[in-house]
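What follows is one structure encoded as structure tokens, with my remarks underneath.
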Amino acid sequence: MGYLSELRICKSCGNVFSKKAGVTIITSCPQCDGTSFDIINTDSEIVEE
């Protein structure tokens, strides 16, 4: 099961992805290799990381 707080939105391409893949923390967007993300807050707000 995943949680909204574990999702990231890439500012470059808009891709939404999990911050973890198993035990590995993803540090760049898997689609465009961007490193600037927004996080999804549980209050339904987008927060800059």
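FYI, nothing fancy with the structure tokens labels: chains A, B, ... in order, residues from 1 per chain, ligands from 1 as they appear.
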Residues within 7 Å of A:Leu7, please, as a CSV table (one decimal) with all heavy atoms, in the first residue's frame. Count only C-alpha atoms; anything in the same chain fewer than 5 positions from it doesn't count.
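Contents of out15.csv, as written:
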```csv
chain,number,residue,atom,x,y,z
A,16,VAL,N,4.5,11.9,-11.9
A,16,VAL,CA,4.2,11.6,-10.5
A,16,VAL,C,4.8,10.2,-10.2
A,16,VAL,O,4.5,9.2,-10.9
A,16,VAL,CB,2.7,11.6,-10.2
A,16,VAL,CG1,2.4,11.2,-8.7
A,16,VAL,CG2,2.1,13.0,-10.5
A,17,PHE,N,5.6,10.1,-9.1
A,17,PHE,CA,6.2,8.8,-8.8
A,17,PHE,C,6.5,8.7,-7.3
A,17,PHE,O,6.5,9.7,-6.6
A,17,PHE,CB,7.6,8.7,-9.6
A,17,PHE,CG,8.5,9.8,-9.3
A,17,PHE,CD1,9.5,9.6,-8.4
A,17,PHE,CD2,8.5,10.9,-10.0
A,17,PHE,CE1,10.4,10.7,-8.1
A,17,PHE,CE2,9.4,12.0,-9.8
A,17,PHE,CZ,10.3,11.8,-8.9
A,18,SER,N,6.7,7.5,-6.8
A,18,SER,CA,7.0,7.3,-5.4
A,18,SER,C,8.4,7.7,-5.1
A,18,SER,O,9.3,7.6,-5.9
A,18,SER,CB,6.8,5.8,-5.1
A,18,SER,OG,7.1,5.5,-3.8
A,19,LYS,N,8.7,8.1,-3.8
A,19,LYS,CA,10.0,8.5,-3.5
A,19,LYS,C,10.9,7.3,-3.2
A,19,LYS,O,12.1,7.4,-3.0
A,19,LYS,CB,10.0,9.5,-2.3
A,19,LYS,CG,9.6,8.8,-0.9
A,19,LYS,CD,9.7,9.9,0.2
A,19,LYS,CE,9.4,9.3,1.5
A,19,LYS,NZ,9.5,10.2,2.6
A,39,ILE,N,6.2,17.8,-3.2
A,39,ILE,CA,5.7,16.7,-2.5
A,39,ILE,C,4.2,16.9,-2.3
A,39,ILE,O,3.8,18.0,-2.3
A,39,ILE,CB,6.4,16.4,-1.2
A,39,ILE,CG1,6.3,17.6,-0.3
A,39,ILE,CG2,7.9,16.1,-1.4
A,39,ILE,CD1,6.8,17.3,1.1
A,40,ILE,N,3.5,15.8,-2.2
A,40,ILE,CA,2.0,15.9,-1.9
A,40,ILE,C,1.8,15.8,-0.4
A,40,ILE,O,2.2,14.8,0.2
A,40,ILE,CB,1.3,14.8,-2.6
A,40,ILE,CG1,1.5,14.9,-4.2
A,40,ILE,CG2,-0.2,14.8,-2.3
A,40,ILE,CD1,0.8,13.8,-5.0
```
Point to revise | Shell of 9 Å around A:Cys13, only C-alpha atoms, local chain residues under 2 positions omitted, as an MDAnalysis selection string | key: chainID A and resid 9:11 15 29 31:32 34
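Residue neighbourhood of A:Lys20, excluding near-sequence residues (fewer than 6 positions): Glu6, Leu7, Arg8, Ile26 and Thr27 of chain A, at 10 Å, using only C-alpha atoms.
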